[in-house]
2 protein chains.
Amino acid sequence: MAERSAARSSKRGLPPGRAARIQDVARLAGVSTATVSRALASPERVSPETRTRVLDAIAKAGYVPNPAARSLRSQKSRMVLVVLPALENVFFSKILRGIEETLFAAGYGMIIGDLDGSPEKEARFAAFAAAGQVDGVLLLNGHLLGSQSESIKSRRKAPVPLVALCEAIPGAEIPQIEVENRAAARAMTLYLASLGHRSIAYLCGPSGNVLEHERFRGYCDGLREAGLSFDRDLVWPGDYTLEAGIRAGHCIVERKRRPSTVFCSNDEMAIGLMRALTSAGIRVPQDVSVAGFDDIEFAAIVDPALTTVHQPRRELGRAGAEVLIKLLRGETVPSRIRLPTEIIVRDSTGPGA
Amino acid sequence: MAERSAARSSKRGLPPGRAARIQDVARLAGVSTATVSRALASPERVSPETRTRVLDAIAKAGYVPNPAARSLRSQKSRMVLVVLPALENVFFSKILRGIEETLFAAGYGMIIGDLDGSPEKEARFAAFAAAGQVDGVLLLNGHLLGSQSESIKSRRKAPVPLVALCEAIPGAEIPQIEVENRAAARAMTLYLASLGHRSIAYLCGPSGNVLEHERFRGYCDGLREAGLSFDRDLVWPGDYTLEAGIRAGHCIVERKRRPSTVFCSNDEMAIGLMRALTSAGIRVPQDVSVAGFDDIEFAAIVDPALTTVHQPRRELGRAGAEVLIKLLRGETVPSRIRLPTEIIVRDSTGPGA
DNA sequence: CTGTTAGCGCCTTCAC
DNA sequence: GTGAAGGCGCTAACAG
């Protein structure tokens, strides 16, 4: 191959059009390329004076190691793939922030894979990870990427370390980081009961969602402990969207026997619900109390401000990234981390009848 | 180097622990590696039967080309760096979505660089791009990355194509995509004037922000065209945060002479402002009208629903990504694209006194 | 402590 | 239409 062999000619000085390579630095410093490499990777293995010469040469040449070459040689990309179901969902932005800052500090880059409900995308991200394009994968989507589940089931070790964030992935033996969903939902239910509410409705997230399942179980736990009976009519379907909340609100308006409080399994739905109620002249919390889950930024801003379960989202992201980084370093990690939540009492909940 | 020469031994069948390489496929199909490569890159240059054999072998081997090798060889990474000032800012999520889907469709991956106000991060992202880790950069942060400005100033061509999104970068000769900020702010100001308002206050974004400057000029344009005089006392400092809106609200509460309407240069501030006003018993829009800018998702949900300027955020992301992709393909692109906005009239604005 | 050397896996020119 | 072979830039093993 002679494609660009001309550029290979070894004159002194830097050809202006071309990025500096390790060779250029080596010549400038009067050492071998191996020494340059070592001066960068393990400075202690190089004599101080040589190191200085090399670093000077690097600065003079404006040398930046070529990541593709590095990665081909070392079989490491120093990149992590973060897979999420819907990028525009505001719930993820703070988590992403926590992930990004932690990865960055450890010298890793973050590649975003937005699933967008498309199996084609999912397959390509799986292939992407399988191809060694990334050193690890952080899953925020509640399930493994198509082919990964097969390779895990078949007992062959996953090609890259996987860590699940937010939504536990049942059956998969990968580290999982999540908040205490069940305990939090239980605590909120108990809190509502402690206000005197006897009919506590529950607005569900999408069925089949693991995280949702946990929250629902927490709600049941809470009812039981408060001595309230479970009423199927008080459990309404939803899907975490504002619209689901609004729909649920309309249902309440039409009902004769209204529950005195509605516990929504996320804030978006709670906000939509409140909006529908107040538009119809039903006062929150005087007529109906409403509680949410997540503590998104706008929970504090809506009127009335929403009582909800606070999730430490940034910490969640940090914890997930930290676990993955440890895994990449070959350190052992806990198989499951559960971060505590906190009930934030605001103005959307009041005493029950 | 004998590190893993053992694994290099060429037996038939796939050693289970190792990813398939192009060699494996070539052997399986009984052709050379060059033919495999061609069958993938330019199928028409390979005979149909050979192609079939190769594709079968690829499927059987579960072969996925190694991106690091590809990228080292071709000097292309098929990755784009997206630089943004603050990942947790909900304003960016839909833009990111538009970017991601467009890049994905074109076969590019998206790496996120969250600036987080840290010069260190900025420097590293600049180095990252300079190192050829990515084929192009999409800037959402309103300025060039440190070293980039130098290399552009010094007339050396930028090492990778750059495209600016959202905030124009003055002086930099790179393609810019943005919404009609000035025209939109003018239109909103005229709309407020058309409602009969004579004292239209303006709550600013951070000073020095280019985008903010445009909006402010649009506000001035609007005042002039409506025959209203500019009043320095009606221009208040802000910084795009909810808190700034709340602070501005408190100021209004304390004033004797209140403006009849406040045009906030983003929705967060408008929402904070409304919250502060209603808490103090000032009614929106009966006592004071409030308008925002951006049309974030919650603008439609707050009570009263916010009148604001809608930005086509997803399209913005798409357009930016498309321009960058064209640039990467060597096609010519317009130096500036301005996407139209739309005034969304909701309930936070009413007739002026 | 430093230099020499052999590839990492792929693509592409050149030759047939 | 296909094969042979070199090298993208770097680092790890080995030798000194």
# chains A, B, ... in the order shown; residues from 1 in each chain; ligands from 1

$ calpha_fit_and_write --fixed "chain A" --moving "chain B" --output "compact mmCIF listing (two decimals) with C-alpha atoms, in the first residue's frame"
# COMPACT_ATOMS: atom_id res chain seq x y z
CA MET B 1 0.32 0.26 -0.24
CA ALA B 2 1.64 3.59 -1.38
CA GLU B 3 -1.42 5.67 -0.71
CA ARG B 4 0.26 8.27 1.36
CA SER B 5 3.78 7.02 1.53
CA ALA B 6 4.95 10.46 0.49
CA ALA B 7 3.68 11.92 3.73
CA ARG B 8 5.69 9.27 5.47
CA SER B 9 9.01 10.82 4.46
CA SER B 10 10.89 11.64 7.62
CA LYS B 11 11.90 15.24 7.46
CA ARG B 12 12.41 17.31 10.56
CA GLY B 13 9.71 19.73 11.58
CA LEU B 14 6.01 19.10 11.41
CA PRO B 15 4.27 18.89 8.10
CA PRO B 16 1.47 21.34 8.85
CA GLY B 17 -1.46 19.49 7.34
CA ARG B 18 -1.05 16.28 9.28
CA ALA B 19 -1.65 15.36 12.91
CA ALA B 20 1.47 14.48 14.88
CA ARG B 21 2.15 10.80 15.43
CA ILE B 22 4.17 9.10 18.05
CA GLN B 23 7.02 8.88 15.52
CA ASP B 24 7.19 12.65 15.26
CA VAL B 25 7.46 13.01 18.99
CA ALA B 26 10.10 10.31 19.18
CA ARG B 27 12.23 12.06 16.58
CA LEU B 28 11.77 15.44 18.24
CA ALA B 29 12.85 14.05 21.60
CA GLY B 30 15.56 11.87 20.16
CA VAL B 31 14.16 8.67 21.63
CA SER B 32 12.29 5.64 20.36
CA THR B 33 8.54 5.41 20.03
CA ALA B 34 8.52 2.87 22.82
CA THR B 35 9.93 5.45 25.19
CA VAL B 36 7.30 8.00 24.22
CA SER B 37 4.61 5.46 24.82
CA ARG B 38 6.09 4.59 28.19
CA ALA B 39 6.51 8.21 29.21
CA LEU B 40 2.78 8.55 28.75
CA ALA B 41 1.53 5.26 30.15
CA SER B 42 3.97 4.63 33.00
CA PRO B 43 6.15 7.69 33.63
CA GLU B 44 7.97 5.99 36.50
CA ARG B 45 9.58 3.58 34.09
CA VAL B 46 11.36 6.39 32.28
CA SER B 47 14.22 8.48 33.62
CA PRO B 48 13.17 11.96 34.73
CA GLU B 49 15.27 13.77 32.14
CA THR B 50 13.99 11.61 29.29
CA ARG B 51 10.49 12.15 30.50
CA THR B 52 10.92 15.91 30.40
CA ARG B 53 12.34 15.78 26.91
CA VAL B 54 9.46 13.63 25.75
CA LEU B 55 6.82 15.81 27.35
CA ASP B 56 8.34 18.90 25.79
CA ALA B 57 8.35 17.23 22.41
CA ILE B 58 4.72 16.22 22.89
CA ALA B 59 3.77 19.79 23.69
CA LYS B 60 5.77 21.19 20.78
CA ALA B 61 4.28 18.74 18.33
CA GLY B 62 0.78 19.10 19.72
CA TYR B 63 0.66 15.36 19.84
CA VAL B 64 -2.53 13.57 20.82
CA PRO B 65 -2.48 9.77 20.71
CA ASN B 66 -4.70 8.29 18.06
CA PRO B 67 -7.54 6.56 19.88
CA ALA B 68 -8.33 4.17 17.06
CA ALA B 69 -4.79 2.83 17.02
CA ARG B 70 -4.70 2.67 20.77
CA SER B 71 -7.97 0.91 20.89
CA LEU B 72 -7.04 -1.57 18.18
CA ARG B 73 -3.84 -2.39 19.98
CA SER B 74 -5.23 -2.55 23.49
CA GLN B 75 -8.66 -3.96 22.70
CA LYS B 76 -10.18 -1.23 24.84
CA SER B 77 -12.18 1.70 23.58
CA ARG B 78 -12.55 3.74 26.73
CA MET B 79 -16.14 4.25 25.69
CA VAL B 80 -19.35 3.24 27.38
CA LEU B 81 -22.70 2.78 25.69
CA VAL B 82 -25.71 4.12 27.56
CA VAL B 83 -28.94 2.59 26.32
CA LEU B 84 -32.18 4.33 27.14
CA PRO B 85 -35.76 3.93 25.99
CA ALA B 86 -36.57 7.55 25.20
CA LEU B 87 -34.09 10.34 25.23
CA GLU B 88 -36.71 13.07 25.36
CA ASN B 89 -38.01 11.78 28.66
CA VAL B 90 -36.88 14.40 31.15
CA PHE B 91 -36.55 11.75 33.79
CA PHE B 92 -33.29 10.60 32.25
CA SER B 93 -31.49 13.87 31.90
CA LYS B 94 -30.21 14.12 35.44
CA ILE B 95 -29.26 10.47 35.47
CA LEU B 96 -27.31 11.00 32.29
CA ARG B 97 -25.58 13.91 33.89
CA GLY B 98 -24.50 11.74 36.83
CA ILE B 99 -23.29 9.09 34.44
CA GLU B 100 -21.44 11.51 32.22
CA GLU B 101 -19.55 13.24 34.99
CA THR B 102 -18.46 9.97 36.54
CA LEU B 103 -17.40 8.44 33.27
CA PHE B 104 -15.58 11.59 32.28
CA ALA B 105 -13.67 11.71 35.54
CA ALA B 106 -12.55 8.15 34.95
CA GLY B 107 -11.47 8.93 31.41
CA TYR B 108 -14.37 7.29 29.62
CA GLY B 109 -16.57 8.72 26.93
CA MET B 110 -20.32 8.24 26.75
CA ILE B 111 -22.16 7.07 23.67
CA ILE B 112 -25.93 7.41 23.71
CA GLY B 113 -28.18 4.73 22.32
CA ASP B 114 -31.78 5.89 22.16
CA LEU B 115 -33.99 2.87 21.66
CA ASP B 116 -37.05 4.78 20.54
CA GLY B 117 -39.08 1.58 20.55
CA SER B 118 -37.31 0.36 17.45
CA PRO B 119 -36.11 -3.26 17.36
CA GLU B 120 -33.78 -2.33 14.54
CA LYS B 121 -32.01 0.17 16.72
CA GLU B 122 -31.85 -2.30 19.54
CA ALA B 123 -30.20 -4.86 17.30
CA ARG B 124 -27.68 -2.40 16.10
CA PHE B 125 -26.74 -1.27 19.57
CA ALA B 126 -26.33 -4.89 20.58
CA ALA B 127 -24.05 -5.47 17.61
CA PHE B 128 -22.25 -2.29 18.44
CA ALA B 129 -21.47 -3.53 21.92
CA ALA B 130 -20.66 -7.00 20.69
CA ALA B 131 -18.19 -5.57 18.20
CA GLY B 132 -16.16 -4.18 21.04
CA GLN B 133 -16.93 -0.63 20.06
CA VAL B 134 -17.46 0.04 23.75
CA ASP B 135 -15.94 -1.39 26.89
CA GLY B 136 -19.19 -1.60 28.78
CA VAL B 137 -22.91 -0.96 28.61
CA LEU B 138 -25.24 0.81 31.00
CA LEU B 139 -28.83 -0.26 30.47
CA LEU B 140 -31.55 2.19 31.50
CA ASN B 141 -34.26 0.47 29.55
CA GLY B 142 -35.30 -2.39 31.78
CA HIS B 143 -34.27 -5.22 29.52
CA LEU B 144 -31.26 -6.69 27.84
CA LEU B 145 -30.52 -5.95 24.25
CA GLY B 146 -31.86 -8.75 22.05
CA SER B 147 -28.83 -10.88 21.46
CA GLN B 148 -27.41 -10.25 24.90
CA SER B 149 -30.13 -12.21 26.60
CA GLU B 150 -29.32 -15.19 24.40
CA SER B 151 -25.63 -15.10 25.12
CA ILE B 152 -26.29 -14.74 28.83
CA LYS B 153 -28.79 -17.55 28.83
CA SER B 154 -26.41 -19.81 26.98
CA ARG B 155 -23.96 -19.29 29.82
CA ARG B 156 -21.36 -17.78 27.60
CA LYS B 157 -20.13 -14.74 29.35
CA ALA B 158 -21.33 -11.44 28.02
CA PRO B 159 -18.87 -9.90 25.58
CA VAL B 160 -18.80 -6.66 27.57
CA PRO B 161 -19.73 -5.84 31.15
CA LEU B 162 -23.35 -4.86 31.57
CA VAL B 163 -24.93 -2.85 34.36
CA ALA B 164 -28.64 -2.22 34.75
CA LEU B 165 -29.80 1.14 36.04
CA CYS B 166 -33.25 2.15 37.29
CA GLU B 167 -35.09 -0.91 36.24
CA ALA B 168 -33.95 -4.24 37.55
CA ILE B 169 -33.73 -6.93 34.92
CA PRO B 170 -35.14 -10.10 36.35
CA GLY B 171 -33.17 -13.25 35.72
CA ALA B 172 -30.14 -11.50 34.34
CA GLU B 173 -27.09 -11.91 36.49
CA ILE B 174 -25.74 -8.44 36.06
CA PRO B 175 -25.27 -5.72 38.67
CA GLN B 176 -28.37 -3.66 39.20
CA ILE B 177 -28.73 -0.21 40.62
CA GLU B 178 -32.11 1.14 41.48
CA VAL B 179 -34.01 3.09 44.08
CA GLU B 180 -36.09 1.44 46.75
CA ASN B 181 -39.20 1.52 44.59
CA ARG B 182 -41.28 -0.87 46.61
CA ALA B 183 -40.34 0.59 49.98
CA ALA B 184 -40.93 4.10 48.70
CA ALA B 185 -44.38 3.32 47.34
CA ARG B 186 -45.23 1.62 50.61
CA ALA B 187 -44.05 4.64 52.56
CA MET B 188 -46.07 7.04 50.44
CA THR B 189 -49.18 4.90 50.79
CA LEU B 190 -48.71 4.82 54.55
CA TYR B 191 -48.21 8.56 54.57
CA LEU B 192 -51.46 9.11 52.71
CA ALA B 193 -53.24 6.75 55.08
CA SER B 194 -51.76 8.65 58.02
CA LEU B 195 -53.46 11.77 56.72
CA GLY B 196 -56.74 10.00 57.28
CA HIS B 197 -57.44 8.84 53.73
CA ARG B 198 -59.38 5.60 53.50
CA SER B 199 -59.79 5.27 49.74
CA ILE B 200 -56.41 5.56 48.13
CA ALA B 201 -56.48 5.10 44.38
CA TYR B 202 -53.41 4.08 42.42
CA LEU B 203 -52.62 5.24 38.89
CA CYS B 204 -50.37 2.63 37.32
CA GLY B 205 -47.47 2.85 34.94
CA PRO B 206 -47.30 0.60 31.90
CA SER B 207 -48.05 -3.01 32.72
CA GLY B 208 -45.15 -5.36 32.27
CA ASN B 209 -42.75 -2.70 33.49
CA VAL B 210 -40.64 -4.20 36.27
CA LEU B 211 -40.18 -0.95 38.09
CA GLU B 212 -43.88 -0.34 37.94
CA HIS B 213 -44.52 -3.77 39.35
CA GLU B 214 -42.35 -2.92 42.36
CA ARG B 215 -44.18 0.30 42.99
CA PHE B 216 -47.50 -1.41 42.74
CA ARG B 217 -46.40 -4.03 45.26
CA GLY B 218 -45.30 -1.25 47.57
CA TYR B 219 -48.75 0.30 47.26
CA CYS B 220 -50.32 -3.03 48.20
CA ASP B 221 -47.89 -3.39 51.12
CA GLY B 222 -48.87 0.03 52.34
CA LEU B 223 -52.60 -0.62 52.11
CA ARG B 224 -52.23 -3.83 54.04
CA GLU B 225 -50.15 -2.29 56.76
CA ALA B 226 -52.55 0.59 57.09
CA GLY B 227 -55.38 -1.87 57.50
CA LEU B 228 -57.06 -0.80 54.27
CA SER B 229 -58.53 -3.31 51.90
CA PHE B 230 -57.36 -3.57 48.36
CA ASP B 231 -60.00 -2.40 45.90
CA ARG B 232 -59.58 -3.35 42.28
CA ASP B 233 -61.74 -0.41 41.24
CA LEU B 234 -59.22 1.97 42.68
CA VAL B 235 -56.39 0.73 40.48
CA TRP B 236 -56.34 2.55 37.15
CA PRO B 237 -54.25 1.86 34.11
CA GLY B 238 -51.72 4.42 32.94
CA ASP B 239 -48.49 4.67 31.02
CA TYR B 240 -46.40 7.39 32.67
CA THR B 241 -47.59 10.08 30.26
CA LEU B 242 -49.23 13.38 31.03
CA GLU B 243 -52.13 12.30 28.88
CA ALA B 244 -52.73 9.23 31.00
CA GLY B 245 -53.00 11.54 34.00
CA ILE B 246 -55.46 13.78 32.21
CA ARG B 247 -57.55 10.78 31.16
CA ALA B 248 -57.59 9.51 34.73
CA GLY B 249 -58.66 12.97 35.83
CA HIS B 250 -61.62 12.90 33.47
CA CYS B 251 -62.62 9.53 34.86
CA ILE B 252 -62.60 10.91 38.38
CA VAL B 253 -64.71 13.85 37.33
CA GLU B 254 -67.35 11.53 35.93
CA ARG B 255 -67.45 9.23 38.94
CA LYS B 256 -69.98 9.54 41.68
CA ARG B 257 -67.91 7.90 44.40
CA ARG B 258 -64.55 9.61 44.24
CA PRO B 259 -61.43 8.36 45.99
CA SER B 260 -60.15 10.91 48.46
CA THR B 261 -56.60 10.60 47.20
CA VAL B 262 -54.73 9.33 44.14
CA PHE B 263 -51.20 8.01 44.28
CA CYS B 264 -49.72 8.27 40.79
CA SER B 265 -46.74 6.12 40.00
CA ASN B 266 -44.94 9.00 38.35
CA ASP B 267 -45.03 12.79 38.44
CA GLU B 268 -46.05 13.38 34.84
CA MET B 269 -49.29 11.53 35.40
CA ALA B 270 -49.84 13.27 38.73
CA ILE B 271 -49.43 16.65 37.10
CA GLY B 272 -51.78 15.74 34.26
CA LEU B 273 -54.27 14.48 36.78
CA MET B 274 -54.18 17.65 38.86
CA ARG B 275 -54.60 19.73 35.76
CA ALA B 276 -57.70 17.80 34.71
CA LEU B 277 -59.16 18.00 38.20
CA THR B 278 -58.66 21.71 38.73
CA SER B 279 -60.00 22.47 35.24
CA ALA B 280 -63.15 20.63 36.27
CA GLY B 281 -63.40 22.61 39.49
CA ILE B 282 -62.26 19.82 41.75
CA ARG B 283 -59.83 21.29 44.26
CA VAL B 284 -56.48 19.73 45.11
CA PRO B 285 -55.93 18.88 47.91
CA GLN B 286 -59.24 19.96 49.49
CA ASP B 287 -61.39 17.60 47.42
CA VAL B 288 -58.81 15.10 46.24
CA SER B 289 -55.20 14.69 47.32
CA VAL B 290 -52.64 13.77 44.69
CA ALA B 291 -49.18 12.30 45.14
CA GLY B 292 -46.55 11.45 42.55
CA PHE B 293 -43.30 9.59 42.21
CA ASP B 294 -39.90 10.75 40.92
CA ASP B 295 -39.71 14.39 42.01
CA ILE B 296 -39.03 15.80 38.59
CA GLU B 297 -38.06 19.42 38.53
CA PHE B 298 -41.54 20.67 37.77
CA ALA B 299 -43.08 18.89 40.70
CA ALA B 300 -42.07 21.84 42.85
CA ILE B 301 -43.40 24.36 40.38
CA VAL B 302 -46.88 23.19 39.50
CA ASP B 303 -49.70 24.65 41.47
CA PRO B 304 -50.34 23.12 43.93
CA ALA B 305 -46.78 21.91 44.34
CA LEU B 306 -46.71 18.15 44.15
CA THR B 307 -46.11 15.81 47.06
CA THR B 308 -43.93 13.08 45.68
CA VAL B 309 -41.15 10.55 46.17
CA HIS B 310 -37.75 12.03 45.55
CA GLN B 311 -35.33 9.89 43.62
CA PRO B 312 -31.66 10.79 43.79
CA ARG B 313 -31.27 10.72 40.05
CA ARG B 314 -27.85 12.16 39.70
CA GLU B 315 -26.53 9.80 42.37
CA LEU B 316 -28.24 6.97 40.58
CA GLY B 317 -26.31 7.82 37.46
CA ARG B 318 -23.10 8.19 39.39
CA ALA B 319 -23.56 4.89 41.19
CA GLY B 320 -24.29 3.07 37.95
CA ALA B 321 -21.25 4.50 36.25
CA GLU B 322 -19.07 3.72 39.24
CA VAL B 323 -20.13 0.12 39.31
CA LEU B 324 -19.45 -0.23 35.62
CA ILE B 325 -16.03 1.35 35.95
CA LYS B 326 -15.13 -1.01 38.76
CA LEU B 327 -16.25 -3.88 36.61
CA LEU B 328 -14.04 -2.63 33.81
CA ARG B 329 -11.12 -2.54 36.20
CA GLY B 330 -11.76 -6.11 37.19
CA GLU B 331 -12.85 -5.19 40.69
CA THR B 332 -15.70 -6.99 42.35
CA VAL B 333 -19.00 -5.18 42.67
CA PRO B 334 -22.17 -5.72 44.64
CA SER B 335 -24.81 -7.46 42.60
CA ARG B 336 -27.44 -5.02 43.67
CA ILE B 337 -27.46 -1.47 44.97
CA ARG B 338 -30.62 0.16 46.19
CA LEU B 339 -30.53 3.87 46.79
CA PRO B 340 -32.88 5.34 49.39
CA THR B 341 -35.68 7.70 48.45
CA GLU B 342 -37.39 10.44 50.36
CA ILE B 343 -40.97 11.60 50.58
CA ILE B 344 -41.26 15.27 49.77
CA VAL B 345 -44.42 16.69 51.23
CA ARG B 346 -45.69 19.71 49.36
CA ASP B 347 -49.15 21.13 48.81
CA SER B 348 -51.02 18.56 46.76
CA THR B 349 -51.85 16.33 49.71
CA GLY B 350 -54.02 17.24 52.65
CA PRO B 351 -56.03 15.62 55.41
CA GLY B 352 -58.51 12.93 54.37
CA ALA B 353 -62.21 13.13 55.01

$ select_by_dssp --residues "stretch 276-323 of chain A" --states "strand (DSSP E)" --output "VMD selection string"
chain A and resid 289 to 291 308 to 310

$ select_by_dssp --residues "stretch 196-278 of chain B" --states "alpha helix (DSSP H)" --output "ChimeraX atom specification"
/B:210-225,242-254,267-278

$ interface_residues --of "chain C" --to "chain A" --cutoff "7 Å" --atoms "only C-alpha atoms (C1' of nucleotides)" --output "PDB file with C-alpha atoms (C1' of nucleotides), in the first residue's frame"
ATOM      1  C1'  DC C   1      15.775   2.302  31.813  1.00  0.00           C
ATOM      2  C1'  DT C   2      15.414   2.040  26.719  1.00  0.00           C
ATOM      3  C1'  DG C   3      15.161   0.153  21.894  1.00  0.00           C
ATOM      4  C1'  DC C   8      -4.103  -5.446  16.741  1.00  0.00           C
ATOM      5  C1'  DT C  13      -3.790  -0.543  -4.235  1.00  0.00           C
TER       6       DT C  13
END

$ atom_distance --atom1 "atom C1' of D:DC8" --atom2 "atom C1' of C:DC16"
25.8 Å

$ interface_residues --of "chain D" --to "chain A" --cutoff "6 Å" --atoms "only C-alpha atoms (C1' of nucleotides)" --output "short mmCIF file (atom, residue, chain, number, x, y, z; two decimals) with N, CA and C atoms (P, O5', C5', C4', C3', O3' and C1' of nucleotides), in the first residue's frame"
data_model
loop_
_atom_site.label_atom_id
_atom_site.label_comp_id
_atom_site.auth_asym_id
_atom_site.auth_seq_id
_atom_site.Cartn_x
_atom_site.Cartn_y
_atom_site.Cartn_z
P DG D 6 4.36 -6.94 1.82
"O5'" DG D 6 4.40 -5.35 1.98
"C5'" DG D 6 3.94 -4.54 0.91
"C4'" DG D 6 3.12 -3.38 1.49
"C3'" DG D 6 3.67 -2.87 2.83
"O3'" DG D 6 3.67 -1.46 2.78
"C1'" DG D 6 1.39 -3.44 3.07
P DG D 9 -1.07 7.38 10.48
"O5'" DG D 9 -0.94 6.99 12.02
"C5'" DG D 9 -2.08 7.10 12.86
"C4'" DG D 9 -1.80 6.34 14.13
"C3'" DG D 9 -0.55 6.80 14.88
"O3'" DG D 9 -0.98 7.23 16.16
"C1'" DG D 9 -0.66 4.43 14.74
P DC D 10 -0.03 7.51 17.37
"O5'" DC D 10 -0.06 6.12 18.16
"C5'" DC D 10 -1.30 5.70 18.71
"C4'" DC D 10 -1.19 4.27 19.17
"C3'" DC D 10 -0.25 4.07 20.35
"O3'" DC D 10 -1.06 3.91 21.52
"C1'" DC D 10 0.01 2.38 18.66
#

$ atom_distance --atom1 "atom C1' of C:DC14" --atom2 "atom C1' of D:DA4"
9.2 Å

$ atom_distance --atom1 "atom C1' of D:DG3" --atom2 "atom C1' of C:DC11"
13.8 Å
